[in-house]
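**Q** Sharing a structure with you now.
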Amino acid sequence: MTHARPVVAVRRAVARAAVVLAAVAGVHGPAAPLGAQRAAADAGIPHLRREGQATQLVVDGRPFLVRGGELGNSTATGADAMARAWPRLRALHLNTVLAPVSWELIEPEEGRYDFRSVDRLLAGARAHDLRLVLLWFGSWKNSMSSYAPTWVKTDQRRFPRTEATRGAGQEILSPFAEANVAADARAFAALMRHLRRVDGARHTVLMVQVENEIGMIPEARDHSATADSLFAAPVPAALLHRLQARRDSLAPELRARWATSGFRTAGSWGAVFGPGLHTDELFMAWHFARYADRVAAAGKREYPLPMFVNAALIRPGYTPGRYVSAGPLPHLVDVWRAGAPSLDLLSPDIYFPNVHEWATRYARTGTPLFVPEARLSPQVAVDALWAVGAHAAIGYSPFAIENADPATAPIGRAYALLASMDSLVLAHQRRGTIAGVMPPIAVDGTVDATPQRVVLGGPYALTVRFADPPGPPVISPGQPGAAAMGGAPAPSAPVAPPAPRGGLIIALGPDDYLVAGTGLVVTFAPADGVGQAGILSVDEGRFVQGRWMPTMRLNGDQTHQGRHLSIATDGFGVQRVRLYRYR
Ligand code: DGJ
């Protein structure tokens, strides 16, 4: 017999309240100076706004939920490929496309800019009524510097690279070289200036990612002479101040490193954090953050769109350098926040199955959750709904989205559903009256389908079970009539491949709930344990121009004779349930 998880939603609301306080205290929250955000808001430029329980992206004066998808790396440079992609992206119900802008294309010769690749993206997006999040493939793309222009690549003396332990150069621009950061920041500033000129009144571009999956691989740090001497130099005071201010709330891994020296507040990297790969990683993270900050700040001076960096995540058991060391990972969040105050978000690229774990770790960093890359799989449809409900995510974006078939891809259905109710979802993110439900999946793929209990501040507790594939109605153990109805499938029944299950729940009122998603069975009880909860009505329906339109009254077998609400795994649906209490 399974047991419901403890209340998740109320705790989440409390946690979010704590985040608000922390933001006011200048500890968490969007890092860009408040003045800059206010100026962007005043000028009508897309910006982040904290309101109630959520920080949201505001576009043309209204909160905006990103139903995103990222293009494969090279697709945007192919006219035919894009001609095929645009209608697909629309048919998948995206509202935003994440697309690279490559340094080599926009600055083919030093100081000569060519923005045709950007303008083509803008024209395509506008023609298909889509927005863009642009990804600056500048100094680094997945650690490497393959997107640097020829004039940078071929002038190693002027634009130094990192070195392996044995002295061989790597195709990774050094984060320690002034010439590198100056050239990158100048190009990025030119891009942002161009965007302000051609898009400042249209707001097709909503946000910009600075670089892509920054980090070191296959060694945790640069071993050039410059890097070695900086590694032996004192840890910068700005970092140590932040760590001291947040000593008790640092990521446990970082705190543990620092504890090895008894929390020393002066000395070299080795003296403060001890020897080892993790200290190499901290050192690189600081310098990468400073570099990304220079680039972002130069861009924001031209056009202050929200900016973020993305991280390649860690495979279990891997050490820094075996995984991409020093990116904006949760255990390095304080290093990145101290080093890069111009960045608004630190984002995870989630290709592992343990989405629940990674998204939760990022949400705890206090920056709004935005997932710019995720594995394109059936599961991503549920992950996106869950993140929007559980963590007030700004948006979600499967990678290589142009490969999804609008006729069959679950992400298209989940996005259609979100599209129909996005202002409602955004309003409940602000109120904290929305929850995400999904069985956590471990990194090895094991699904924890333990029922989850949701209380959204009202008088009822909802117990969510993750339904079996369509078939006989799922019966909750212990419910009246469960035995008579023969709830469990026969042991010999064929095992269907697991379908994604989960979604979001909104409390419209004290006794009025919306459940949206797939593969869900929900039962109800008074939150205070007094008496019992009954179903007054369940309607299947949809939102038309934001208004709820019931399409079918569900009762009888469809609610297991008034015992539960259920949405089968064969599609994404929305149901509205009204409850009452009896003795
Ligand atoms: C993560 C990178 O950020 C993307 O640009 C792309 O290379 C994917 N990996 C490929 O899986």
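To be explicit about the labels: the chains of the structure tokens are called A, B, and onward in the order shown, and within each one the residues are counted from 1, while ligands get numbers from 1 in the order they are shown.
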Using only C-alpha atoms and all ligand atoms, which residues have at least one atom no more than 7 Å from ligand 1? Output them as a list of chain:residue names.
**A**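 What falls inside 7 Å of ligand 1 is A:Gly72, A:Asn73, A:Lys141, A:Asn142, A:Asn212, A:Glu213, A:Ala312, A:Asp349.
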**Q** Give me a file of those residues, with N, CA, C and O atoms, as a PDB file, in the first residue's frame.
**A**
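So the final result, stored in selection-v3.pdb, reads:
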```pdb
ATOM      1  N   GLY A  72      18.015  23.102 -33.222  1.00  0.00           N
ATOM      2  CA  GLY A  72      19.318  22.456 -33.341  1.00  0.00           C
ATOM      3  C   GLY A  72      20.341  23.509 -33.751  1.00  0.00           C
ATOM      4  O   GLY A  72      19.993  24.528 -34.365  1.00  0.00           O
ATOM      5  N   ASN A  73      21.604  23.256 -33.443  1.00  0.00           N
ATOM      6  CA  ASN A  73      22.613  24.306 -33.545  1.00  0.00           C
ATOM      7  C   ASN A  73      22.734  24.944 -34.929  1.00  0.00           C
ATOM      8  O   ASN A  73      23.030  26.128 -35.036  1.00  0.00           O
ATOM      9  N   LYS A 141      30.929  27.723 -26.635  1.00  0.00           N
ATOM     10  CA  LYS A 141      29.737  26.928 -26.955  1.00  0.00           C
ATOM     11  C   LYS A 141      30.065  25.502 -26.546  1.00  0.00           C
ATOM     12  O   LYS A 141      30.933  24.881 -27.167  1.00  0.00           O
ATOM     13  N   ASN A 142      29.418  25.034 -25.482  1.00  0.00           N
ATOM     14  CA  ASN A 142      29.748  23.724 -24.902  1.00  0.00           C
ATOM     15  C   ASN A 142      31.255  23.659 -24.628  1.00  0.00           C
ATOM     16  O   ASN A 142      31.946  22.793 -25.168  1.00  0.00           O
ATOM     17  N   ASN A 212      27.234  29.702 -24.225  1.00  0.00           N
ATOM     18  CA  ASN A 212      26.455  28.464 -24.157  1.00  0.00           C
ATOM     19  C   ASN A 212      27.241  27.376 -23.438  1.00  0.00           C
ATOM     20  O   ASN A 212      28.343  27.023 -23.861  1.00  0.00           O
ATOM     21  N   GLU A 213      26.662  26.907 -22.341  1.00  0.00           N
ATOM     22  CA  GLU A 213      27.287  25.831 -21.559  1.00  0.00           C
ATOM     23  C   GLU A 213      28.782  26.083 -21.363  1.00  0.00           C
ATOM     24  O   GLU A 213      29.635  25.284 -21.754  1.00  0.00           O
ATOM     25  N   ALA A 312      25.565  22.783 -18.463  1.00  0.00           N
ATOM     26  CA  ALA A 312      25.532  21.335 -18.700  1.00  0.00           C
ATOM     27  C   ALA A 312      25.577  20.689 -17.316  1.00  0.00           C
ATOM     28  O   ALA A 312      26.406  21.064 -16.484  1.00  0.00           O
ATOM     29  N   ASP A 349      20.290  22.970 -18.377  1.00  0.00           N
ATOM     30  CA  ASP A 349      19.925  22.242 -19.597  1.00  0.00           C
ATOM     31  C   ASP A 349      19.677  20.807 -19.143  1.00  0.00           C
ATOM     32  O   ASP A 349      20.625  20.097 -18.770  1.00  0.00           O
TER      33      ASP A 349
END
```
**Q** When DSSP is applied to the backbone of this structure, which of region 221-437 of chain A are assigned strand (DSSP E)? Write them out as a short mmCIF file (atom, residue, chain, number, x, y, z; two decimals) with N, CA, C and O atoms, in the first residue's frame.
**A**
```cif
data_model
loop_
_atom_site.label_atom_id
_atom_site.label_comp_id
_atom_site.auth_asym_id
_atom_site.auth_seq_id
_atom_site.Cartn_x
_atom_site.Cartn_y
_atom_site.Cartn_z
N MET A 307 18.97 38.60 -19.19
CA MET A 307 20.05 37.74 -19.71
C MET A 307 20.32 36.58 -18.76
O MET A 307 20.16 36.72 -17.55
N PHE A 308 20.74 35.49 -19.35
CA PHE A 308 20.99 34.30 -18.53
C PHE A 308 22.14 33.49 -19.11
O PHE A 308 22.56 33.69 -20.25
N VAL A 309 22.65 32.58 -18.27
CA VAL A 309 23.62 31.58 -18.73
C VAL A 309 23.02 30.20 -18.48
O VAL A 309 22.15 30.04 -17.61
N ASN A 310 23.50 29.22 -19.23
CA ASN A 310 22.97 27.84 -19.09
C ASN A 310 24.09 26.87 -18.72
O ASN A 310 25.26 27.12 -19.01
N ALA A 311 23.69 25.80 -18.08
CA ALA A 311 24.69 24.84 -17.58
C ALA A 311 24.46 23.44 -18.12
O ALA A 311 23.31 22.97 -18.17
N ALA A 312 25.56 22.78 -18.46
CA ALA A 312 25.53 21.34 -18.70
C ALA A 312 25.58 20.69 -17.32
O ALA A 312 26.41 21.06 -16.48
N LEU A 345 19.38 35.19 -14.71
CA LEU A 345 19.00 33.81 -14.43
C LEU A 345 20.20 32.89 -14.64
O LEU A 345 21.03 33.12 -15.50
N LEU A 346 20.22 31.82 -13.86
CA LEU A 346 21.14 30.70 -14.10
C LEU A 346 20.24 29.52 -14.46
O LEU A 346 19.34 29.17 -13.68
N SER A 347 20.48 28.92 -15.59
CA SER A 347 19.51 27.95 -16.11
C SER A 347 20.12 26.58 -16.33
O SER A 347 21.26 26.47 -16.78
N PRO A 348 19.34 25.54 -16.07
CA PRO A 348 19.83 24.18 -16.33
C PRO A 348 19.39 23.68 -17.72
O PRO A 348 18.28 23.93 -18.16
N ASP A 349 20.29 22.97 -18.38
CA ASP A 349 19.92 22.24 -19.60
C ASP A 349 19.68 20.81 -19.14
O ASP A 349 20.63 20.10 -18.77
N ILE A 350 18.43 20.37 -19.18
CA ILE A 350 18.11 19.11 -18.50
C ILE A 350 17.95 17.97 -19.52
O ILE A 350 16.89 17.83 -20.14
N PHE A 370 14.02 28.85 -15.53
CA PHE A 370 13.80 28.86 -16.98
C PHE A 370 14.68 27.75 -17.54
O PHE A 370 15.88 27.73 -17.28
N VAL A 371 14.10 26.83 -18.27
CA VAL A 371 14.85 25.68 -18.79
C VAL A 371 15.01 25.86 -20.30
O VAL A 371 14.09 25.57 -21.07
N PRO A 372 16.18 26.35 -20.73
CA PRO A 372 16.36 26.66 -22.16
C PRO A 372 16.57 25.43 -23.03
O PRO A 372 16.38 25.50 -24.24
N GLU A 373 17.01 24.32 -22.40
CA GLU A 373 17.21 23.08 -23.16
C GLU A 373 16.74 21.91 -22.33
O GLU A 373 17.02 21.84 -21.12
N ALA A 374 16.07 20.99 -22.99
CA ALA A 374 15.66 19.75 -22.33
C ALA A 374 15.56 18.69 -23.41
O ALA A 374 15.39 19.01 -24.59
N GLY A 395 9.49 29.43 -18.20
CA GLY A 395 9.28 28.73 -19.46
C GLY A 395 10.12 27.48 -19.56
O GLY A 395 10.98 27.22 -18.70
N TYR A 396 9.87 26.74 -20.62
CA TYR A 396 10.52 25.45 -20.84
C TYR A 396 10.81 25.34 -22.33
O TYR A 396 10.10 25.92 -23.15
N SER A 397 11.82 24.55 -22.69
CA SER A 397 12.22 24.58 -24.09
C SER A 397 12.98 23.31 -24.50
O SER A 397 14.19 23.23 -24.30
N PRO A 398 12.28 22.34 -25.06
CA PRO A 398 12.98 21.14 -25.55
C PRO A 398 13.95 21.49 -26.68
O PRO A 398 13.68 22.39 -27.48
N ILE A 434 -1.09 27.40 -7.34
CA ILE A 434 -0.88 26.43 -8.42
C ILE A 434 0.15 25.43 -7.93
O ILE A 434 1.08 25.80 -7.20
N ALA A 435 -0.01 24.18 -8.31
CA ALA A 435 0.97 23.15 -7.94
C ALA A 435 1.30 22.33 -9.18
O ALA A 435 0.49 22.23 -10.11
N GLY A 436 2.48 21.75 -9.17
CA GLY A 436 2.85 20.81 -10.23
C GLY A 436 2.83 19.41 -9.64
O GLY A 436 3.23 19.22 -8.49
N VAL A 437 2.36 18.46 -10.41
CA VAL A 437 2.37 17.07 -9.94
C VAL A 437 2.97 16.19 -11.01
O VAL A 437 2.65 16.30 -12.19
#
```
**Q** Counting only C-alpha atoms, which of A:Ala340, A:Ile441, A:Leu417, A:Ala533 gets nearest to Gly571 (chain A)?
**A** A:Leu417
**Q** Within 8 Å of region 501-506 of chain A, counting only C-alpha atoms, which residues show up once you throw out same-chain ones fewer than 5 positions away? Write them as a list in words, please.
**A**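 Contacts, with the query itself left out: Gln379, Val382, Asp383, Leu385, Trp386, Val388, Gly389, Ala390, Val425, His428, Thr433, Ile434, Ala435, Gly436, Val437, Met438, Pro439, Phe466, Ala467, Tyr513, Leu514, Val515, Ala516, Gly517, Thr518, Gly519, Leu520 and Thr569 of chain A.
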**Q** Hey, which of A:Gly167, A:Gly61, A:Gly299, A:Gly327 ends up closest to Met216 (chain A)? Count only C-alpha atoms.
**A**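 For Met216 (chain A), the nearest of the candidates is A:Gly327.
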**Q** List every residue of region 319-429 of chain A that DSSP, applied to the backbone of this structure, assigns to helix (DSSP H, G or I), and report them as a PyMOL selection string.
**A** chain A and resi 330-339+355-364+379-390+401-403+410-420+422-429
**Q** Mind checking which residues fall within 12 Å of Ser224 (chain A), counting only C-alpha atoms, ignoring those fewer than 5 positions away in the same chain, and posting them as a PyMOL selection string?
**A** chain A and resi 160-170+172-177+229-231
**Q** Would you list the contacts of Glu357 (chain A) as a list of chain:residue names, taking every protein, DNA or RNA residue within 9 Å and counting only C-alpha atoms, but skipping same-chain residues closer than 4 positions in sequence?
**A**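 The neighbour list is A:Arg361, A:Tyr362, A:Pro440, A:Ile441, A:Ala442.
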**Q** Write out as a list in words the residues lying within 12 Å of Ala407 (chain A), counting only C-alpha atoms and excluding same-chain residues fewer than 3 positions away.
**A**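 Once the nearby chain positions are removed, what remains is Arg88, Leu89, Ala91, Leu92, His93, Asn403, Ala404, Pro410, Ile411, Gly412 and Arg413 of chain A.
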**Q** Could the residues in this selection be saved with all heavy atoms as an mmCIF file, in the first residue's frame?
**A**
```cif
data_model
loop_
_atom_site.group_PDB
_atom_site.id
_atom_site.type_symbol
_atom_site.label_atom_id
_atom_site.label_comp_id
_atom_site.auth_asym_id
_atom_site.auth_seq_id
_atom_site.Cartn_x
_atom_site.Cartn_y
_atom_site.Cartn_z
ATOM 1 N N ARG A 88 6.057 24.219 -38.510
ATOM 2 C CA ARG A 88 6.044 23.153 -37.496
ATOM 3 C C ARG A 88 5.997 23.741 -36.090
ATOM 4 O O ARG A 88 5.287 23.266 -35.215
ATOM 5 C CB ARG A 88 7.345 22.351 -37.566
ATOM 6 C CG ARG A 88 7.282 21.221 -38.489
ATOM 7 C CD ARG A 88 8.368 20.233 -38.183
ATOM 8 N NE ARG A 88 7.893 19.003 -38.772
ATOM 9 C CZ ARG A 88 8.258 17.792 -38.435
ATOM 10 N NH1 ARG A 88 9.152 17.623 -37.500
ATOM 11 N NH2 ARG A 88 7.763 16.751 -39.012
ATOM 12 N N LEU A 89 6.814 24.761 -35.896
ATOM 13 C CA LEU A 89 6.906 25.352 -34.566
ATOM 14 C C LEU A 89 5.566 25.962 -34.165
ATOM 15 O O LEU A 89 5.127 25.868 -33.017
ATOM 16 C CB LEU A 89 8.024 26.402 -34.523
ATOM 17 C CG LEU A 89 9.402 25.870 -34.974
ATOM 18 C CD1 LEU A 89 10.438 26.979 -34.991
ATOM 19 C CD2 LEU A 89 9.871 24.722 -34.080
ATOM 20 N N ALA A 91 2.689 24.890 -35.353
ATOM 21 C CA ALA A 91 1.752 23.768 -35.158
ATOM 22 C C ALA A 91 1.984 23.074 -33.814
ATOM 23 O O ALA A 91 1.082 22.415 -33.290
ATOM 24 C CB ALA A 91 1.903 22.772 -36.313
ATOM 25 N N LEU A 92 3.175 23.235 -33.264
ATOM 26 C CA LEU A 92 3.464 22.655 -31.942
ATOM 27 C C LEU A 92 3.027 23.590 -30.812
ATOM 28 O O LEU A 92 3.266 23.309 -29.642
ATOM 29 C CB LEU A 92 4.965 22.372 -31.804
ATOM 30 C CG LEU A 92 5.475 21.169 -32.600
ATOM 31 C CD1 LEU A 92 6.992 21.251 -32.775
ATOM 32 C CD2 LEU A 92 5.096 19.854 -31.920
ATOM 33 N N HIS A 93 2.429 24.716 -31.183
ATOM 34 C CA HIS A 93 1.900 25.687 -30.211
ATOM 35 C C HIS A 93 2.998 26.362 -29.392
ATOM 36 O O HIS A 93 2.781 26.740 -28.239
ATOM 37 C CB HIS A 93 0.849 25.039 -29.295
ATOM 38 C CG HIS A 93 -0.298 24.487 -30.056
ATOM 39 N ND1 HIS A 93 -1.347 25.269 -30.488
ATOM 40 C CD2 HIS A 93 -0.539 23.234 -30.520
ATOM 41 C CE1 HIS A 93 -2.196 24.524 -31.176
ATOM 42 N NE2 HIS A 93 -1.725 23.279 -31.217
ATOM 43 N N ASN A 403 12.506 18.871 -34.765
ATOM 44 C CA ASN A 403 12.356 17.435 -35.047
ATOM 45 C C ASN A 403 11.063 16.859 -34.482
ATOM 46 O O ASN A 403 10.756 15.688 -34.722
ATOM 47 C CB ASN A 403 13.532 16.652 -34.460
ATOM 48 C CG ASN A 403 14.836 17.032 -35.129
ATOM 49 O OD1 ASN A 403 14.821 17.518 -36.255
ATOM 50 N ND2 ASN A 403 15.946 16.854 -34.444
ATOM 51 N N ALA A 404 10.320 17.632 -33.711
ATOM 52 C CA ALA A 404 9.072 17.103 -33.135
ATOM 53 C C ALA A 404 7.979 17.117 -34.197
ATOM 54 O O ALA A 404 7.840 18.091 -34.944
ATOM 55 C CB ALA A 404 8.656 17.955 -31.938
ATOM 56 N N PRO A 410 3.802 14.779 -27.816
ATOM 57 C CA PRO A 410 3.054 15.242 -26.636
ATOM 58 C C PRO A 410 3.332 16.699 -26.275
ATOM 59 O O PRO A 410 2.454 17.382 -25.773
ATOM 60 C CB PRO A 410 3.535 14.292 -25.532
ATOM 61 C CG PRO A 410 3.963 13.050 -26.246
ATOM 62 C CD PRO A 410 4.532 13.527 -27.561
ATOM 63 N N ILE A 411 4.536 17.191 -26.574
ATOM 64 C CA ILE A 411 4.822 18.581 -26.196
ATOM 65 C C ILE A 411 3.855 19.537 -26.905
ATOM 66 O O ILE A 411 3.439 20.548 -26.338
ATOM 67 C CB ILE A 411 6.306 18.962 -26.482
ATOM 68 C CG1 ILE A 411 6.644 20.334 -25.892
ATOM 69 C CG2 ILE A 411 6.655 18.912 -27.956
ATOM 70 C CD1 ILE A 411 6.672 20.438 -24.413
ATOM 71 N N GLY A 412 3.469 19.196 -28.109
ATOM 72 C CA GLY A 412 2.514 20.043 -28.835
ATOM 73 C C GLY A 412 1.177 20.101 -28.112
ATOM 74 O O GLY A 412 0.544 21.153 -28.007
ATOM 75 N N ARG A 413 0.769 18.955 -27.562
ATOM 76 C CA ARG A 413 -0.524 18.919 -26.859
ATOM 77 C C ARG A 413 -0.440 19.672 -25.539
ATOM 78 O O ARG A 413 -1.358 20.383 -25.150
ATOM 79 C CB ARG A 413 -0.940 17.487 -26.604
ATOM 80 C CG ARG A 413 -1.097 16.773 -27.931
ATOM 81 C CD ARG A 413 -1.662 15.417 -27.750
ATOM 82 N NE ARG A 413 -1.252 14.632 -28.903
ATOM 83 C CZ ARG A 413 -1.428 13.346 -29.017
ATOM 84 N NH1 ARG A 413 -2.011 12.675 -28.047
ATOM 85 N NH2 ARG A 413 -1.047 12.718 -30.084
#
```
**Q** Measuring atom to atom with only C-alpha atoms, identify which of A:Gly366, A:Gly556, A:Gly531, A:Pro353 is nearest to Arg337 (chain A).
**A** A:Gly366
**Q** Between CA of Leu277 (chain A) and CA of Ala256 (chain A), what is the distance, to one decimal in Å?
**A**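 According to the coordinates, CA of Leu277 (chain A) and CA of Ala256 (chain A) are separated by 13.7 Å.
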